[in-house]
Amino acid sequence: MTTYLEAISDGLREEMRADDRVLCMGEDIADFGGAFKVTDGFLAEFGPDRVMDTPLAESGIVGTAIGAAVVGMRPVCEMQFADFIACGFDQLVNVAGKMHYRQGLAVPITVRLPSGGGFSGGPFHSQNPEAWFMHAPGIKVVAPSTPEDAKGLLISAIRDPNPVCFLEHKHLYRRAKGEVPAGTYETPMTARVARPGEDLVVIAYGAMVHTALEATDDLDGARVEVLDLRSLVPLDEAAILDSVRRCSKVVVVDEANRTCAAGAEVAALIAQRAFEDLDGPVVRVATPDVPIPFSPPLEQAVLPSVDRVKEACRELLEY
Amino acid sequence: MATQEVRRPYPSPEREAADDGVALLRYMLLMRFLEERAMNLYRQGKVPGSFYDGFGQEAVSTGAAYAMAPEDRLCVLHRDLAAHLVRGVEPARVLAQYMGRAGGITRGRDGNVHFGDPSLGCVGMVSMLPDMMLVATGMAMAFKLRREPRVALTWFGDGSTSRGDWHEAMNWAGVQRLPVIFVLENNQYAYSTPLSKQFAVDPVQRAGAYGFPGVTVDGNDVEAVHAVTREARERALAGAGPTMIEAVTMRMHGHAAHDDMRYVPPELLEEWSRRDPVERQERRLAERGVDVEAVRNEVRAEVDRATEEALAMPMPEPSQATEGVFCEGEAVPLGDGRPVR
């Protein structure tokens, strides 16, 4: 069994072995192996040119990665925490995201974003910033929930000719375990049915897929589908509409703050394109619009829990 | 790895000529006449949005770009039109770019000098200055780690030195001793803000604090800018790291066409008009026996032809407005990559 963290590490290592254009850049990633040890041992295998300890400068990391990418490299940037991408936002959104549209120049960079809460990281180490980038044209956004997908989606992201934000959920690093194929393989940027069902579908991604699975594992005998989006840009509209058509009731779960979250886009899509298939309102479970608090009882009060998802599903099933 | 096709022979025949001074004048004139023409087109309502030019600053982009080899890579700023011309962008495509036409370098997706022709090794700027400092630094980082004898160069303005990305790039380039040249185009004003409100310590002095030399050059002397850039390039190729060049010049027009620049004392403009970089190079060449008028006439004719050609180009199709956000094929790095010497 491989952990989610080992799978990311494995994917990165395999792709660096397969393609010498791939390099890792980030704070404390070389000697130290990264804050979460994703690149532990990389320095010894690949050397300091390809496993680069950078200055503490997130805009610098993204900006120089763009420069390296347009002259033929495939940089993989590590934000120490996803929260810090706020400091590299301009380079990612204004330089990388608009480059191909404006000038026909591809920017093949991957930005790894260790995201999410659940362990008292507080307001600056717990965010889920994916929607910021869904709203910015030209950036792909993926968010795996399983080790197998984490490895395959990371490889897909690195091989993609566009800037890709790779959301890796910190709470899954050592908690999510599974079989992971050896070697390199690409996981498509499409949704996956995590568990088939027909009475209700819970649509989620990242850590919330596990919350959804646990919440609906034994729900008074209801057959609940869980759709794992895996990719937010591109968003697999066909898979979402297909699940809605089969299940007719939908709960959309986001760990991100509610307003304009990925789930809001999913709910809007369903309202417009699957209205006739619905047997109840589209129900959303998300973190309210507050910074993620530090103290455990406060944090647990805001993050979507198994109980909250369970309750939302029960109510909708009874509708 | 794939490279794009080179669309025009490079270097230009002029560059190979015995007297580079003529070529330098020619590119400065081409920039000046093209911008004058674009301003006329703007006044005729043919240029949407606003119009930005580099009148009086032609020596900075001409001299620096001319010192770079085709395999080098440039991130070009908005008052540096001549850099594009030196790289080989056709004048008609420049005018089409201003007018938002399909034949412009960005095919109407971006305006003004917000462009770079990837096939000629250039990346266009974004409006958030000085973001391209980091992009150029990243190019140089790739050159260094691939052990390629190539150099990256970017221009930036005095206002840019106040932003964090400037610091991040200067620091990064210094720490990694990268083959990159930063050209500070000190044109005295950032929009309406004078140098005195921009920084307490001269950026050239600050370069030293980042671990590499800063040199000041007369930004209105094209041959001096060329020479100092060539030296910086040699330094970079020798592994001695970055150089910051401060080219001292003056923005002789407003920030953009709408700006009457009444915040600039008239005597300052008068003083700088006596140091016009184009006239200066013309005088220098006349003393060397060059028929300057013939060069001017030739460039004027080229701009006339380009105008006709650009005006004949269609506007982009509205149906294409949503195309090309993502790269669907293979990522093609900046061209041309073909060494010529």
# chains A, B, ... in the order shown; residues from 1 in each chain; ligands from 1
>>> closest_atom_pairs(of="chain A", to="chain B", cutoff="10 Å", atoms="only C-alpha atoms", output="CSV")
residue,atom,partner,partner_atom,distance
A:Arg21,CA,B:Arg146,CA,9.4
A:Leu23,CA,B:Ala142,CA,9.9
A:Pro48,CA,B:Leu145,CA,9.6
A:Asp49,CA,B:Leu145,CA,6.0
A:Arg50,CA,B:Leu145,CA,8.2
A:Thr54,CA,B:Trp172,CA,8.0
A:Pro55,CA,B:Trp172,CA,6.7
A:Leu56,CA,B:Glu168,CA,8.8
A:Ala57,CA,B:Glu168,CA,6.4
A:Glu58,CA,B:Glu168,CA,8.9
A:Ser59,CA,B:Asp165,CA,6.7
A:Gly60,CA,B:Glu168,CA,5.7
A:Ile61,CA,B:Leu134,CA,8.5
A:Val62,CA,B:Leu134,CA,8.4
A:Gly63,CA,B:Leu134,CA,4.9
A:Thr64,CA,B:Gly138,CA,3.5
A:Ala65,CA,B:Gly138,CA,5.8
A:Ile66,CA,B:Val135,CA,5.9
A:Gly67,CA,B:Val135,CA,4.0
A:Ala68,CA,B:Met139,CA,4.6
A:Ala69,CA,B:Pro333,CA,7.5
A:Val70,CA,B:Pro333,CA,5.1
A:Val71,CA,B:Pro333,CA,5.0
A:Gly72,CA,B:Pro333,CA,5.1
A:Met73,CA,B:Ala142,CA,7.0
A:Arg74,CA,B:Ala331,CA,10.0
A:Pro75,CA,B:Ala142,CA,9.9
A:Cys87,CA,B:Gly164,CA,9.9
A:Gly88,CA,B:Asp165,CA,9.6
A:Asp90,CA,B:Met128,CA,8.0
A:Gln91,CA,B:Asp131,CA,6.9
A:Asn94,CA,B:Val126,CA,7.0
A:Val95,CA,B:Val126,CA,6.6
A:Ala96,CA,B:Val135,CA,9.9
A:Gly97,CA,B:Val325,CA,8.2
A:Lys98,CA,B:Val325,CA,7.3
A:Met99,CA,B:Val325,CA,8.5
A:His100,CA,B:Val325,CA,6.1
A:Tyr101,CA,B:Val325,CA,4.6
A:Arg102,CA,B:Arg109,CA,5.3
A:Gln103,CA,B:Thr106,CA,5.4
A:Gly104,CA,B:Gly324,CA,7.5
A:Leu105,CA,B:Pro118,CA,6.5
A:Ala106,CA,B:Ala331,CA,5.2
A:Val107,CA,B:Ala331,CA,7.3
A:Pro108,CA,B:Ala331,CA,6.9
A:Pro137,CA,B:Val325,CA,6.8
A:Gly138,CA,B:Val325,CA,5.3
A:Ile139,CA,B:Phe326,CA,7.9
A:Lys140,CA,B:Phe326,CA,8.8
A:Arg159,CA,B:Ala331,CA,9.4
A:Asp160,CA,B:Ala331,CA,8.3
A:Pro161,CA,B:Ala331,CA,5.0
A:Asn162,CA,B:Cys327,CA,6.2
A:Pro163,CA,B:Phe326,CA,9.0
>>> select_by_dssp(residues="range 99-204 of chain B", states="alpha helix (DSSP H)", output="ChimeraX atom specification")
/B:131-145,164-176,203-204
>>> residues_around(residues="range 29-44 of chain A", least_positions_apart="3", cutoff="12 Å", atoms="only C-alpha atoms", output="VMD selection string")
chain A and resid 3 to 14 16 to 17 23 to 26 47 to 56 76 to 81 112 to 115 151 168 to 174
>>> residues_around(residues="range 274-287 of chain A", least_positions_apart="5", cutoff="8 Å", atoms="only C-alpha atoms", output="VMD selection string")
chain A and resid 241 244 to 245 248 to 258 263 267 269 302 to 304 308 to 309 312 316 319
>>> atom_distance(atom1="CA of Val183 in chain B", atom2="CA of Ala247 in chain B")
6.9 Å
>>> residues_around(residues="range 218-222 of chain A", least_positions_apart="2", cutoff="9 Å", atoms="only C-alpha atoms", output="list in words")
Gly197, Glu198, Asp199, Leu200, Glu214, Ala215, Thr216, Val224, Lys310, Cys313, Arg314 and Leu317 of chain A
>>> decode(residues="range 208-220 of chain B", atoms="all heavy atoms", output="PDB file, in the first residue's frame")
ATOM      1  N   GLY B 208      24.590  46.671  -6.646  1.00  0.00           N
ATOM      2  CA  GLY B 208      25.743  46.185  -5.894  1.00  0.00           C
ATOM      3  C   GLY B 208      25.342  45.392  -4.672  1.00  0.00           C
ATOM      4  O   GLY B 208      25.975  44.400  -4.318  1.00  0.00           O
ATOM      5  N   ALA B 209      24.259  45.824  -4.050  1.00  0.00           N
ATOM      6  CA  ALA B 209      23.796  45.133  -2.850  1.00  0.00           C
ATOM      7  C   ALA B 209      23.246  43.750  -3.172  1.00  0.00           C
ATOM      8  O   ALA B 209      23.157  42.886  -2.301  1.00  0.00           O
ATOM      9  CB  ALA B 209      22.725  45.978  -2.152  1.00  0.00           C
ATOM     10  N   TYR B 210      22.865  43.544  -4.415  1.00  0.00           N
ATOM     11  CA  TYR B 210      22.386  42.217  -4.827  1.00  0.00           C
ATOM     12  C   TYR B 210      23.541  41.336  -5.318  1.00  0.00           C
ATOM     13  O   TYR B 210      23.333  40.205  -5.718  1.00  0.00           O
ATOM     14  CB  TYR B 210      21.333  42.341  -5.926  1.00  0.00           C
ATOM     15  CG  TYR B 210      20.013  42.899  -5.414  1.00  0.00           C
ATOM     16  CD1 TYR B 210      19.615  44.200  -5.718  1.00  0.00           C
ATOM     17  CD2 TYR B 210      19.177  42.124  -4.621  1.00  0.00           C
ATOM     18  CE1 TYR B 210      18.413  44.706  -5.258  1.00  0.00           C
ATOM     19  CE2 TYR B 210      17.974  42.619  -4.153  1.00  0.00           C
ATOM     20  CZ  TYR B 210      17.599  43.912  -4.473  1.00  0.00           C
ATOM     21  OH  TYR B 210      16.419  44.393  -4.009  1.00  0.00           O
ATOM     22  N   GLY B 211      24.725  41.912  -5.339  1.00  0.00           N
ATOM     23  CA  GLY B 211      25.894  41.098  -5.663  1.00  0.00           C
ATOM     24  C   GLY B 211      26.343  41.157  -7.105  1.00  0.00           C
ATOM     25  O   GLY B 211      27.088  40.291  -7.562  1.00  0.00           O
ATOM     26  N   PHE B 212      25.907  42.166  -7.841  1.00  0.00           N
ATOM     27  CA  PHE B 212      26.402  42.286  -9.224  1.00  0.00           C
ATOM     28  C   PHE B 212      26.470  43.762  -9.617  1.00  0.00           C
ATOM     29  O   PHE B 212      25.862  44.606  -8.971  1.00  0.00           O
ATOM     30  CB  PHE B 212      25.557  41.470 -10.200  1.00  0.00           C
ATOM     31  CG  PHE B 212      24.082  41.744 -10.190  1.00  0.00           C
ATOM     32  CD1 PHE B 212      23.523  42.738 -11.002  1.00  0.00           C
ATOM     33  CD2 PHE B 212      23.229  40.986  -9.392  1.00  0.00           C
ATOM     34  CE1 PHE B 212      22.158  42.966 -11.008  1.00  0.00           C
ATOM     35  CE2 PHE B 212      21.846  41.214  -9.389  1.00  0.00           C
ATOM     36  CZ  PHE B 212      21.320  42.203 -10.198  1.00  0.00           C
ATOM     37  N   PRO B 213      27.223  44.061 -10.667  1.00  0.00           N
ATOM     38  CA  PRO B 213      27.437  45.473 -10.986  1.00  0.00           C
ATOM     39  C   PRO B 213      26.228  46.161 -11.605  1.00  0.00           C
ATOM     40  O   PRO B 213      25.446  45.550 -12.327  1.00  0.00           O
ATOM     41  CB  PRO B 213      28.596  45.439 -11.996  1.00  0.00           C
ATOM     42  CG  PRO B 213      28.721  44.041 -12.450  1.00  0.00           C
ATOM     43  CD  PRO B 213      28.030  43.153 -11.479  1.00  0.00           C
ATOM     44  N   GLY B 214      26.114  47.423 -11.281  1.00  0.00           N
ATOM     45  CA  GLY B 214      25.173  48.294 -11.961  1.00  0.00           C
ATOM     46  C   GLY B 214      25.979  49.369 -12.665  1.00  0.00           C
ATOM     47  O   GLY B 214      26.895  49.932 -12.076  1.00  0.00           O
ATOM     48  N   VAL B 215      25.682  49.599 -13.913  1.00  0.00           N
ATOM     49  CA  VAL B 215      26.426  50.623 -14.657  1.00  0.00           C
ATOM     50  C   VAL B 215      25.455  51.626 -15.259  1.00  0.00           C
ATOM     51  O   VAL B 215      24.367  51.255 -15.698  1.00  0.00           O
ATOM     52  CB  VAL B 215      27.297  50.011 -15.779  1.00  0.00           C
ATOM     53  CG1 VAL B 215      28.450  49.229 -15.205  1.00  0.00           C
ATOM     54  CG2 VAL B 215      26.463  49.130 -16.698  1.00  0.00           C
ATOM     55  N   THR B 216      25.856  52.866 -15.263  1.00  0.00           N
ATOM     56  CA  THR B 216      25.011  53.909 -15.841  1.00  0.00           C
ATOM     57  C   THR B 216      25.558  54.291 -17.204  1.00  0.00           C
ATOM     58  O   THR B 216      26.770  54.395 -17.386  1.00  0.00           O
ATOM     59  CB  THR B 216      24.991  55.140 -14.918  1.00  0.00           C
ATOM     60  OG1 THR B 216      24.421  54.757 -13.672  1.00  0.00           O
ATOM     61  CG2 THR B 216      24.146  56.255 -15.520  1.00  0.00           C
ATOM     62  N   VAL B 217      24.641  54.443 -18.144  1.00  0.00           N
ATOM     63  CA  VAL B 217      25.049  54.828 -19.489  1.00  0.00           C
ATOM     64  C   VAL B 217      24.100  55.919 -19.986  1.00  0.00           C
ATOM     65  O   VAL B 217      22.947  55.995 -19.547  1.00  0.00           O
ATOM     66  CB  VAL B 217      25.039  53.594 -20.441  1.00  0.00           C
ATOM     67  CG1 VAL B 217      23.625  53.066 -20.646  1.00  0.00           C
ATOM     68  CG2 VAL B 217      25.676  53.919 -21.788  1.00  0.00           C
ATOM     69  N   ASP B 218      24.606  56.755 -20.857  1.00  0.00           N
ATOM     70  CA  ASP B 218      23.778  57.769 -21.500  1.00  0.00           C
ATOM     71  C   ASP B 218      22.768  57.046 -22.398  1.00  0.00           C
ATOM     72  O   ASP B 218      23.128  56.497 -23.441  1.00  0.00           O
ATOM     73  CB  ASP B 218      24.682  58.696 -22.326  1.00  0.00           C
ATOM     74  CG  ASP B 218      23.886  59.799 -23.009  1.00  0.00           C
ATOM     75  OD1 ASP B 218      22.638  59.671 -23.124  1.00  0.00           O
ATOM     76  OD2 ASP B 218      24.512  60.789 -23.432  1.00  0.00           O
ATOM     77  N   GLY B 219      21.543  57.045 -21.969  1.00  0.00           N
ATOM     78  CA  GLY B 219      20.507  56.307 -22.696  1.00  0.00           C
ATOM     79  C   GLY B 219      20.097  56.949 -24.009  1.00  0.00           C
ATOM     80  O   GLY B 219      19.294  56.381 -24.746  1.00  0.00           O
ATOM     81  N   ASN B 220      20.635  58.111 -24.297  1.00  0.00           N
ATOM     82  CA  ASN B 220      20.326  58.741 -25.579  1.00  0.00           C
ATOM     83  C   ASN B 220      21.476  58.630 -26.566  1.00  0.00           C
ATOM     84  O   ASN B 220      21.469  59.282 -27.610  1.00  0.00           O
ATOM     85  CB  ASN B 220      19.949  60.217 -25.361  1.00  0.00           C
ATOM     86  CG  ASN B 220      18.539  60.350 -24.826  1.00  0.00           C
ATOM     87  OD1 ASN B 220      17.987  59.382 -24.302  1.00  0.00           O
ATOM     88  ND2 ASN B 220      17.948  61.523 -24.952  1.00  0.00           N
TER      89      ASN B 220
END
